[in-house]
$ cat upload-v2.cif   # mmCIF, C-alpha atoms and all ligand atoms
data_run
#
loop_
_atom_site.label_atom_id
_atom_site.label_comp_id
_atom_site.auth_asym_id
_atom_site.auth_seq_id
_atom_site.Cartn_x
_atom_site.Cartn_y
_atom_site.Cartn_z
CA MET S 129 105.08 65.77 116.16
CA ALA S 130 106.43 65.80 119.72
CA ALA S 131 109.96 67.09 120.15
CA ARG S 132 112.54 64.37 120.56
CA THR S 133 113.61 65.89 123.85
CA SER S 134 110.20 65.08 125.39
CA ARG S 135 110.21 62.90 128.48
CA PRO S 136 107.43 60.57 129.62
CA ALA S 137 104.40 62.44 130.96
CA ALA S 138 104.25 63.09 134.72
CA TRP S 139 100.98 61.21 135.08
CA THR S 140 99.59 57.80 134.24
CA ARG S 141 96.44 55.78 134.73
CA PHE S 142 95.52 52.20 135.66
CA ARG S 143 92.51 50.20 136.82
CA HIS S 144 92.16 48.67 140.24
CA GLY S 145 89.02 46.53 140.32
CA GLU S 146 86.14 48.91 139.56
CA PHE S 147 88.21 51.96 140.50
CA GLU S 148 90.03 54.13 137.98
CA CYS S 149 93.34 55.28 139.42
CA THR S 150 95.52 58.14 138.20
CA VAL S 151 99.04 58.87 139.41
CA VAL S 152 100.27 62.46 139.17
CA SER S 153 103.80 63.53 140.06
CA ASP S 154 104.66 66.45 142.31
CA GLY S 155 108.26 66.08 141.13
CA ILE S 156 111.38 64.59 142.65
CA LEU S 157 113.15 65.24 145.95
CA GLU S 158 116.94 65.19 145.59
CA MET S 159 118.12 63.91 148.97
CA GLY S 160 121.91 63.72 148.61
CA PRO S 161 124.12 60.88 149.91
CA ALA S 162 122.46 57.66 151.11
CA ARG S 163 124.66 57.52 154.23
CA ASP S 164 123.19 60.87 155.40
CA ASN S 165 119.61 59.75 154.84
CA PHE S 166 120.00 56.36 156.53
CA PRO S 167 122.38 57.18 159.38
CA GLU S 168 122.23 53.76 161.06
CA ALA S 169 123.43 51.91 157.98
CA ASP S 170 127.08 50.98 157.67
CA PRO S 171 128.31 53.57 155.11
CA ALA S 172 130.34 51.12 153.03
CA GLU S 173 127.53 48.57 153.06
CA ILE S 174 124.81 51.01 151.92
CA ASP S 175 127.03 52.36 149.13
CA ALA S 176 127.76 48.81 147.92
CA LEU S 177 124.06 47.89 148.06
CA LEU S 178 123.15 50.83 145.83
CA GLU S 179 125.98 50.12 143.41
CA ARG S 180 124.76 46.53 143.01
CA HIS S 181 121.36 48.00 142.06
CA TYR S 182 122.80 50.49 139.52
CA LEU S 183 122.03 53.47 141.76
CA PRO S 184 124.39 56.33 142.70
CA ALA S 185 125.27 56.30 146.42
CA ASP S 186 125.65 60.09 146.56
CA LYS S 187 122.29 61.00 144.99
CA VAL S 188 119.24 59.45 146.60
CA ARG S 189 116.12 60.46 144.67
CA LEU S 190 112.65 60.24 146.13
CA HIS S 191 109.74 60.55 143.74
CA GLN S 192 106.47 62.07 144.91
CA ASN S 193 103.63 60.00 143.45
CA LEU S 194 100.16 61.30 144.23
CA LEU S 195 97.31 58.83 143.75
CA ILE S 196 93.82 59.90 142.66
CA VAL S 197 91.19 57.18 142.99
CA ASP S 198 87.87 57.58 141.16
CA THR S 199 85.48 55.28 143.02
CA GLY S 200 82.66 56.11 140.61
CA ARG S 201 81.09 58.33 143.26
CA GLN S 202 84.01 60.30 144.66
CA LEU S 203 87.49 61.42 143.71
CA VAL S 204 89.94 60.69 146.51
CA LEU S 205 93.43 62.23 146.37
CA PHE S 206 96.15 60.67 148.55
CA ASP S 207 98.70 63.26 149.75
CA THR S 208 99.48 66.59 148.11
CA GLY S 209 103.23 67.13 147.52
CA VAL S 210 105.32 70.01 148.89
CA GLY S 211 103.18 72.89 147.60
CA ARG S 212 104.33 76.13 145.99
CA SER S 213 104.90 78.40 148.96
CA PRO S 214 107.89 80.69 148.31
CA ASP S 215 109.25 80.24 151.85
CA LEU S 216 108.14 76.68 152.60
CA GLY S 217 107.37 73.99 150.01
CA ARG S 218 108.76 74.53 146.55
CA GLY S 219 110.71 77.54 147.80
CA PHE S 220 112.63 75.11 150.01
CA PHE S 221 112.60 71.90 147.96
CA GLY S 222 113.43 73.49 144.60
CA PRO S 223 111.92 73.98 141.14
CA GLN S 224 111.66 70.25 140.37
CA THR S 225 108.93 70.07 143.03
CA GLY S 226 105.51 71.64 143.59
CA GLN S 227 104.22 70.20 140.31
CA ALA S 228 101.09 68.46 141.64
CA VAL S 229 98.42 70.76 140.20
CA ALA S 230 100.12 71.09 136.80
CA SER S 231 100.40 67.28 136.60
CA MET S 232 96.79 66.92 137.73
CA ARG S 233 95.57 69.29 135.00
CA ALA S 234 97.61 67.40 132.40
CA ALA S 235 95.75 64.26 133.53
CA GLY S 236 92.34 65.96 133.18
CA PHE S 237 91.53 67.01 136.75
CA GLU S 238 91.02 70.36 138.45
CA PRO S 239 91.64 70.73 142.19
CA ALA S 240 87.95 71.65 142.57
CA ASP S 241 87.02 68.16 141.32
CA ILE S 242 88.58 66.45 144.36
CA ASP S 243 86.05 65.33 147.02
CA VAL S 244 88.44 63.95 149.63
CA VAL S 245 92.14 64.49 150.32
CA ALA S 246 93.44 61.60 152.43
CA ILE S 247 96.76 62.43 154.12
CA THR S 248 99.11 59.61 155.18
CA HIS S 249 100.97 61.88 157.61
CA ALA S 250 101.51 65.60 158.17
CA HIS S 251 105.09 65.95 156.85
CA PRO S 252 106.10 68.69 154.34
CA ASP S 253 106.08 66.55 151.20
CA HIS S 254 102.63 65.12 152.01
CA CYS S 255 100.51 67.97 153.39
CA TRP S 256 102.16 71.25 152.36
CA GLY S 257 100.40 71.13 149.01
CA LEU S 258 96.99 71.66 150.65
CA VAL S 259 97.21 75.45 150.22
CA ASP S 260 98.27 77.72 147.35
CA GLU S 261 101.00 80.40 147.33
CA LYS S 262 98.72 82.69 149.35
CA ASP S 263 97.92 80.05 151.98
CA GLN S 264 94.37 79.62 150.67
CA PRO S 265 92.83 76.13 150.38
CA LEU S 266 93.72 74.64 147.00
CA TYR S 267 90.94 72.04 147.17
CA PRO S 268 87.77 74.14 147.64
CA ASN S 269 85.32 71.23 147.69
CA ALA S 270 87.29 68.61 149.59
CA ARG S 271 87.22 67.35 153.13
CA ILE S 272 90.68 66.58 154.48
CA VAL S 273 91.22 63.24 156.21
CA VAL S 274 94.22 63.18 158.56
CA SER S 275 95.16 61.15 161.60
CA ASP S 276 94.08 62.80 164.84
CA THR S 277 97.46 61.98 166.40
CA ASP S 278 99.38 63.67 163.58
CA PHE S 279 97.05 66.66 163.57
CA VAL S 280 97.59 67.25 167.30
CA HIS S 281 101.37 66.74 167.09
CA TRP S 282 102.31 68.63 163.93
CA THR S 283 99.99 71.64 164.25
CA ASP S 284 101.24 72.32 167.81
CA LEU S 285 103.26 75.53 167.45
CA SER S 286 104.48 75.27 171.05
CA ARG S 287 106.89 72.64 169.68
CA VAL S 288 108.60 75.15 167.36
CA ASP S 289 110.84 76.60 170.10
CA THR S 290 112.31 73.24 171.06
CA ALA S 291 112.71 71.86 167.50
CA PRO S 292 116.39 71.07 166.84
CA ASN S 293 116.82 73.08 163.62
CA GLN S 294 115.01 75.41 161.21
CA HIS S 295 113.85 72.59 158.94
CA MET S 296 112.17 70.83 161.88
CA LYS S 297 110.66 74.12 163.05
CA ASP S 298 109.18 74.52 159.57
CA HIS S 299 107.55 71.08 159.84
CA TYR S 300 105.25 72.44 162.55
CA VAL S 301 104.67 75.83 160.93
CA GLY S 302 103.85 74.26 157.54
CA ALA S 303 101.49 71.61 158.93
CA ASN S 304 99.70 74.24 161.00
CA ARG S 305 99.32 76.58 158.03
CA ASN S 306 98.09 73.88 155.64
CA LEU S 307 95.72 71.99 157.90
CA LEU S 308 94.16 74.89 159.80
CA ALA S 309 93.32 76.60 156.49
CA TYR S 310 90.54 74.02 156.08
CA GLY S 311 88.76 74.73 159.39
CA ASP S 312 85.97 72.28 160.07
CA ARG S 313 86.52 70.51 156.77
CA VAL S 314 89.39 68.63 158.45
CA VAL S 315 88.26 65.17 159.57
CA ARG S 316 90.54 63.78 162.28
CA VAL S 317 90.57 59.99 162.21
CA GLY S 318 92.21 56.85 163.57
CA ASP S 319 92.70 53.16 162.80
CA GLY S 320 89.84 51.61 160.82
CA TYR S 321 88.29 54.85 159.56
CA GLU S 322 86.39 54.36 156.29
CA VAL S 323 87.33 57.19 153.91
CA ALA S 324 84.90 55.99 151.23
CA PRO S 325 83.37 52.57 150.46
CA GLY S 326 86.38 50.28 149.91
CA ILE S 327 88.98 52.69 151.32
CA THR S 328 90.08 52.24 154.95
CA ALA S 329 92.82 53.77 157.10
CA THR S 330 95.26 51.58 159.05
CA ALA S 331 97.34 53.11 161.86
CA THR S 332 101.08 52.54 161.32
CA PRO S 333 102.75 54.90 163.83
CA GLY S 334 106.53 55.12 163.57
CA HIS S 335 107.76 57.34 160.76
CA SER S 336 105.31 59.89 162.13
CA PRO S 337 103.35 59.62 165.42
CA GLY S 338 100.05 59.14 163.57
CA HIS S 339 101.16 57.70 160.23
CA LEU S 340 98.34 56.01 158.30
CA VAL S 341 98.38 53.65 155.35
CA TYR S 342 95.22 53.24 153.26
CA ARG S 343 93.77 49.92 152.15
CA ILE S 344 91.98 50.31 148.80
CA GLU S 345 89.69 47.41 147.88
CA SER S 346 87.61 47.00 144.74
CA GLY S 347 86.44 44.05 142.64
CA GLY S 348 88.26 41.56 144.86
CA GLN S 349 91.61 43.37 144.52
CA THR S 350 93.47 45.06 147.35
CA MET S 351 96.13 47.77 147.09
CA VAL S 352 97.92 49.34 150.05
CA CYS S 353 98.74 53.04 149.62
CA TRP S 354 101.59 53.21 152.08
CA GLY S 355 102.85 56.80 152.19
CA ASP S 356 106.18 56.86 154.04
CA LEU S 357 106.03 53.39 155.51
CA CYS S 358 109.01 52.84 153.18
CA HIS S 359 110.99 55.55 151.39
CA HIS S 360 113.30 53.58 149.15
CA TYR S 361 112.62 50.53 146.97
CA VAL S 362 116.05 48.98 147.55
CA ILE S 363 117.42 50.30 150.83
CA LEU S 364 114.41 49.92 153.15
CA LEU S 365 113.01 46.82 151.47
CA GLN S 366 116.34 45.04 151.91
CA HIS S 367 117.02 46.61 155.32
CA PRO S 368 113.81 47.71 157.10
CA GLU S 369 115.94 48.32 160.21
CA TRP S 370 117.98 51.11 158.59
CA ARG S 371 116.16 54.11 160.02
CA PHE S 372 115.33 56.95 157.63
CA GLN S 373 116.61 60.29 158.93
CA PHE S 374 113.10 61.70 159.49
CA ASP S 375 111.62 58.64 161.23
CA TYR S 376 110.00 59.94 164.42
CA ASP S 377 110.40 56.63 166.27
CA GLY S 378 112.97 54.41 164.53
CA PRO S 379 112.17 51.04 166.19
CA ALA S 380 108.42 51.59 165.71
CA ALA S 381 108.93 52.55 162.05
CA THR S 382 110.94 49.35 161.50
CA ALA S 383 108.28 47.23 163.23
CA GLN S 384 105.51 48.72 161.07
CA ARG S 385 107.57 48.11 157.91
CA LYS S 386 108.06 44.45 158.79
CA ARG S 387 104.37 44.04 159.66
CA ILE S 388 103.04 45.61 156.45
CA TYR S 389 105.69 44.01 154.18
CA ASP S 390 104.69 40.61 155.54
CA LEU S 391 100.98 41.41 155.07
CA VAL S 392 101.18 42.58 151.45
CA GLU S 393 103.56 39.76 150.45
CA SER S 394 101.58 36.96 152.09
CA GLU S 395 98.20 38.31 150.89
CA ARG S 396 99.59 39.22 147.43
CA HIS S 397 98.29 42.80 147.75
CA ALA S 398 99.46 45.50 145.37
CA VAL S 399 101.45 48.38 146.86
CA PHE S 400 101.22 52.04 145.92
CA ALA S 401 104.43 53.69 147.16
CA TYR S 402 104.64 57.48 147.35
CA HIS S 403 108.43 57.77 147.08
CA PHE S 404 109.27 54.86 144.74
CA PRO S 405 110.21 55.33 141.06
CA PHE S 406 107.19 56.65 139.14
CA PRO S 407 104.41 55.57 139.18
CA GLY S 408 105.10 53.58 142.38
CA LEU S 409 102.80 50.61 141.70
CA GLY S 410 104.03 47.06 142.30
CA HIS S 411 104.30 44.00 144.53
CA LEU S 412 106.83 42.66 147.03
CA LYS S 413 108.64 39.34 146.75
CA ARG S 414 110.81 37.83 149.46
CA ASP S 415 114.49 38.23 148.58
CA GLY S 416 117.09 36.96 151.06
CA ASP S 417 116.41 38.54 154.45
CA GLY S 418 114.43 41.36 152.86
CA TYR S 419 112.16 42.00 149.89
CA ALA S 420 112.48 42.88 146.22
CA TRP S 421 110.23 45.36 144.39
CA LEU S 422 108.32 44.09 141.35
CA PRO S 423 106.86 47.01 139.37
CA THR S 424 103.45 46.38 137.81
CA ASP S 425 103.22 46.14 134.04
CA LEU S 426 100.88 48.98 132.96
CA GLU S 427 98.76 49.26 129.82
CA LEU S 428 99.83 51.87 127.27
CA ASP S 429 97.78 54.29 125.20
CA LEU S 430 99.04 52.87 121.91
CA PRO S 431 98.51 55.43 119.12
CA GLN S 432 97.05 53.10 116.50
CA THR S 433 94.46 51.56 118.83
CA ARG S 434 92.82 54.84 119.86
CA LYS S 435 89.18 55.15 118.77
CA ASP S 436 89.41 58.94 118.61
CA THR S 437 92.14 59.25 115.96
CA SER S 438 92.39 58.46 112.29
CA ALA S 439 96.07 57.56 112.60
ZN ZN S 501 107.58 61.59 152.39
#
$ encode --input "upload-v2.cif" --output "structure tokens"
Amino acid sequence: MAARTSRPAAWTRFRHGEFECTVVSDGILEMGPARDNFPEADPAEIDALLERHYLPADKVRLHQNLLIVDTGRQLVLFDTGVGRSPDLGRGFFGPQTGQAVASMRAAGFEPADIDVVAITHAHPDHCWGLVDEKDQPLYPNARIVVSDTDFVHWTDLSRVDTAPNQHMKDHYVGANRNLLAYGDRVVRVGDGYEVAPGITATATPGHSPGHLVYRIESGGQTMVCWGDLCHHYVILLQHPEWRFQFDYDGPAATAQRKRIYDLVESERHAVFAYHFPFPGLGHLKRDGDGYAWLPTDLELDLPQTRKDTSA
């Protein structure tokens, strides 16, 4: 019998049309006070907003939900978490992070099974998990899909000297280390690139110069895997104009949020959100001047309906 201290598993599974989708967690980023993360918000107003939603204003938590889509022909992994590097990655973000491979194995996958890694943007929590502790490729059989714009920007080590602080310097060093490890297996793409049948990249520059979201279509259903288009399911859905501290171009990031929010709401598309509460699957509904998050009701593996047990 499982110990009563057990928590829910760090992976789950759902169907999207003909595709089987698995979500594995890389762990949680503890970001500190909301007012530091969203510096353009009125401090009293953002604290009150969180309190109304039963959330602590001094402890913003960002999940890291990695999506694995089995198209029937290929396994496509979207983003990789912070990795386990002792100086970058988990060494920086703490022991709650860098859990991607352990979660993946718990869900029945090995890194060698992955055919494609599709990166939304080349920030630490999305591409630093491409290599292992020794900077060797963790996904030996995968090609790596990344926006050409982000590749050029974030692997450019000439930007290290002028970066404003050590953390920003590390952004360039980490992206360079992780992406260049894959040599010619990196595929540099732009708007409209087809990752696999049914999976297409859409350019959404703002949070990062080459940020991509991925449209995943199967059996008449559409889901938008939106990376860091939106970091927080209350703050940036209610206030898309409240810039996140790491937005590269604040006004552009806000414009892309409004554009994609309107698209998924009006077309009734599902959303897969990297940083939302696990597993990050849901829909948007208009709510006042912003939007509300409606998590999707997932099927459970109920013990007395399993074919493989005598329970
Ligand atoms: Zn992120």
$ closest_residue --input "upload-v2.cif" --among "S:Gly378, S:Val362, S:Gln373, S:Leu285" --to "Ala185 in chain S" --atoms "all atoms listed in the file"
S:Val362
$ closest_residue --input "upload-v2.cif" --among "S:Ser346, S:Thr140, S:Thr433, S:Ser336" --to "ligand ZN 501 (chain S)" --atoms "all atoms listed in the file"
S:Ser336
$ residues_around --input "upload-v2.cif" --residues "Arg287 in chain S" --least-positions-apart "2" --cutoff "12 Å" --atoms "only C-alpha atoms" --output "PyMOL selection string"
chain S and resi 280-285+289-293+296-301+304
$ residues_near_point --input "upload-v2.cif" --point "(104.7, 55.2, 153.7)" --cutoff "10 Å" --atoms "all atoms listed in the file" --output "PyMOL selection string"
chain S and resi 248-249+332+335-336+339-342+352-360+381+384-385+400-403
$ atom_distance --input "upload-v2.cif" --atom1 "CA of Ser153 in chain S" --atom2 "CA of Leu205 in chain S"
12.2 Å
$ atom_distance --input "upload-v2.cif" --atom1 "CA of Leu190 in chain S" --atom2 "CA of Glu173 in chain S"
20.1 Å
$ closest_residue --input "upload-v2.cif" --among "S:Pro325, S:Pro431, S:Gly334, S:Gly257" --to "Thr277 in chain S" --atoms "all atoms listed in the file"
S:Gly334
$ closest_residue --input "upload-v2.cif" --among "S:Asp243, S:Asp154, S:Asp198, S:Glu148" --to "ligand ZN 501 (chain S)" --atoms "all atoms listed in the file"
S:Asp154
$ residues_around --input "upload-v2.cif" --residues "range 363-367 of chain S" --least-positions-apart "5" --cutoff "8 Å" --atoms "only C-alpha atoms" --output "NGL selection string"
:S and (174 or 177-178 or 358 or 415 or 417-421)
$ atom_distance --input "upload-v2.cif" --atom1 "CA of Asp390 in chain S" --atom2 "CA of Met351 in chain S"
14.0 Å
$ residues_around --input "upload-v2.cif" --residues "Leu195 in chain S" --least-positions-apart "2" --cutoff "7 Å" --atoms "only C-alpha atoms" --output "PDB file with C-alpha atoms, in the coordinates of the input"
ATOM      1  CA  CYS S 149      93.340  55.280 139.420  1.00  0.00           C
ATOM      2  CA  THR S 150      95.520  58.140 138.200  1.00  0.00           C
ATOM      3  CA  VAL S 151      99.040  58.870 139.410  1.00  0.00           C
ATOM      4  CA  VAL S 152     100.270  62.460 139.170  1.00  0.00           C
ATOM      5  CA  ASN S 193     103.630  60.000 143.450  1.00  0.00           C
ATOM      6  CA  VAL S 197      91.190  57.180 142.990  1.00  0.00           C
ATOM      7  CA  LEU S 205      93.430  62.230 146.370  1.00  0.00           C
ATOM      8  CA  PHE S 206      96.150  60.670 148.550  1.00  0.00           C
TER       9      PHE S 206
END
$ decode --input "upload-v2.cif" --residues "range 361-381 of chain S" --atoms "N, CA and C atoms" --output "PDB file, in the first residue's frame"
ATOM      1  N   TYR S 361      -1.604  31.994 -14.466  1.00  0.00           N
ATOM      2  CA  TYR S 361      -2.992  31.756 -14.872  1.00  0.00           C
ATOM      3  C   TYR S 361      -3.975  32.756 -14.307  1.00  0.00           C
ATOM      4  N   VAL S 362      -3.566  33.564 -13.342  1.00  0.00           N
ATOM      5  CA  VAL S 362      -4.421  34.665 -12.883  1.00  0.00           C
ATOM      6  C   VAL S 362      -3.856  36.003 -13.368  1.00  0.00           C
ATOM      7  N   ILE S 363      -2.603  36.271 -13.015  1.00  0.00           N
ATOM      8  CA  ILE S 363      -2.053  37.617 -13.206  1.00  0.00           C
ATOM      9  C   ILE S 363      -2.065  38.039 -14.679  1.00  0.00           C
ATOM     10  N   LEU S 364      -1.479  37.209 -15.555  1.00  0.00           N
ATOM     11  CA  LEU S 364      -1.342  37.648 -16.955  1.00  0.00           C
ATOM     12  C   LEU S 364      -2.555  37.323 -17.810  1.00  0.00           C
ATOM     13  N   LEU S 365      -3.485  36.501 -17.278  1.00  0.00           N
ATOM     14  CA  LEU S 365      -4.755  36.357 -18.013  1.00  0.00           C
ATOM     15  C   LEU S 365      -5.669  37.531 -17.701  1.00  0.00           C
ATOM     16  N   GLN S 366      -5.640  38.002 -16.449  1.00  0.00           N
ATOM     17  CA  GLN S 366      -6.443  39.168 -16.090  1.00  0.00           C
ATOM     18  C   GLN S 366      -5.803  40.457 -16.615  1.00  0.00           C
ATOM     19  N   HIS S 367      -4.476  40.501 -16.581  1.00  0.00           N
ATOM     20  CA  HIS S 367      -3.753  41.724 -16.968  1.00  0.00           C
ATOM     21  C   HIS S 367      -2.614  41.390 -17.933  1.00  0.00           C
ATOM     22  N   PRO S 368      -2.931  41.165 -19.211  1.00  0.00           N
ATOM     23  CA  PRO S 368      -1.866  40.835 -20.179  1.00  0.00           C
ATOM     24  C   PRO S 368      -0.833  41.949 -20.327  1.00  0.00           C
ATOM     25  N   GLU S 369      -1.170  43.158 -19.854  1.00  0.00           N
ATOM     26  CA  GLU S 369      -0.264  44.306 -20.001  1.00  0.00           C
ATOM     27  C   GLU S 369       0.750  44.401 -18.859  1.00  0.00           C
ATOM     28  N   TRP S 370       0.615  43.542 -17.844  1.00  0.00           N
ATOM     29  CA  TRP S 370       1.569  43.580 -16.736  1.00  0.00           C
ATOM     30  C   TRP S 370       2.800  42.766 -17.107  1.00  0.00           C
ATOM     31  N   ARG S 371       3.796  43.406 -17.610  1.00  0.00           N
ATOM     32  CA  ARG S 371       4.996  42.764 -18.133  1.00  0.00           C
ATOM     33  C   ARG S 371       5.632  41.817 -17.106  1.00  0.00           C
ATOM     34  N   PHE S 372       5.995  40.625 -17.559  1.00  0.00           N
ATOM     35  CA  PHE S 372       6.773  39.709 -16.720  1.00  0.00           C
ATOM     36  C   PHE S 372       8.229  40.174 -16.736  1.00  0.00           C
ATOM     37  N   GLN S 373       8.939  39.982 -15.621  1.00  0.00           N
ATOM     38  CA  GLN S 373      10.272  40.580 -15.486  1.00  0.00           C
ATOM     39  C   GLN S 373      11.257  40.150 -16.597  1.00  0.00           C
ATOM     40  N   PHE S 374      11.075  38.954 -17.158  1.00  0.00           N
ATOM     41  CA  PHE S 374      12.015  38.511 -18.189  1.00  0.00           C
ATOM     42  C   PHE S 374      11.475  38.683 -19.612  1.00  0.00           C
ATOM     43  N   ASP S 375      10.399  39.442 -19.789  1.00  0.00           N
ATOM     44  CA  ASP S 375       9.934  39.733 -21.150  1.00  0.00           C
ATOM     45  C   ASP S 375      10.996  40.568 -21.866  1.00  0.00           C
ATOM     46  N   TYR S 376      11.388  40.115 -23.055  1.00  0.00           N
ATOM     47  CA  TYR S 376      12.431  40.814 -23.816  1.00  0.00           C
ATOM     48  C   TYR S 376      11.900  42.153 -24.334  1.00  0.00           C
ATOM     49  N   ASP S 377      10.677  42.117 -24.855  1.00  0.00           N
ATOM     50  CA  ASP S 377      10.044  43.321 -25.401  1.00  0.00           C
ATOM     51  C   ASP S 377       8.628  43.365 -24.821  1.00  0.00           C
ATOM     52  N   GLY S 378       8.447  44.144 -23.766  1.00  0.00           N
ATOM     53  CA  GLY S 378       7.173  44.152 -23.033  1.00  0.00           C
ATOM     54  C   GLY S 378       5.951  44.429 -23.898  1.00  0.00           C
ATOM     55  N   PRO S 379       5.924  45.535 -24.660  1.00  0.00           N
ATOM     56  CA  PRO S 379       4.737  45.810 -25.484  1.00  0.00           C
ATOM     57  C   PRO S 379       4.455  44.700 -26.505  1.00  0.00           C
ATOM     58  N   ALA S 380       5.514  44.127 -27.092  1.00  0.00           N
ATOM     59  CA  ALA S 380       5.300  43.036 -28.062  1.00  0.00           C
ATOM     60  C   ALA S 380       4.753  41.796 -27.359  1.00  0.00           C
ATOM     61  N   ALA S 381       5.274  41.497 -26.156  1.00  0.00           N
ATOM     62  CA  ALA S 381       4.777  40.337 -25.405  1.00  0.00           C
ATOM     63  C   ALA S 381       3.299  40.505 -25.086  1.00  0.00           C
TER      64      ALA S 381
END
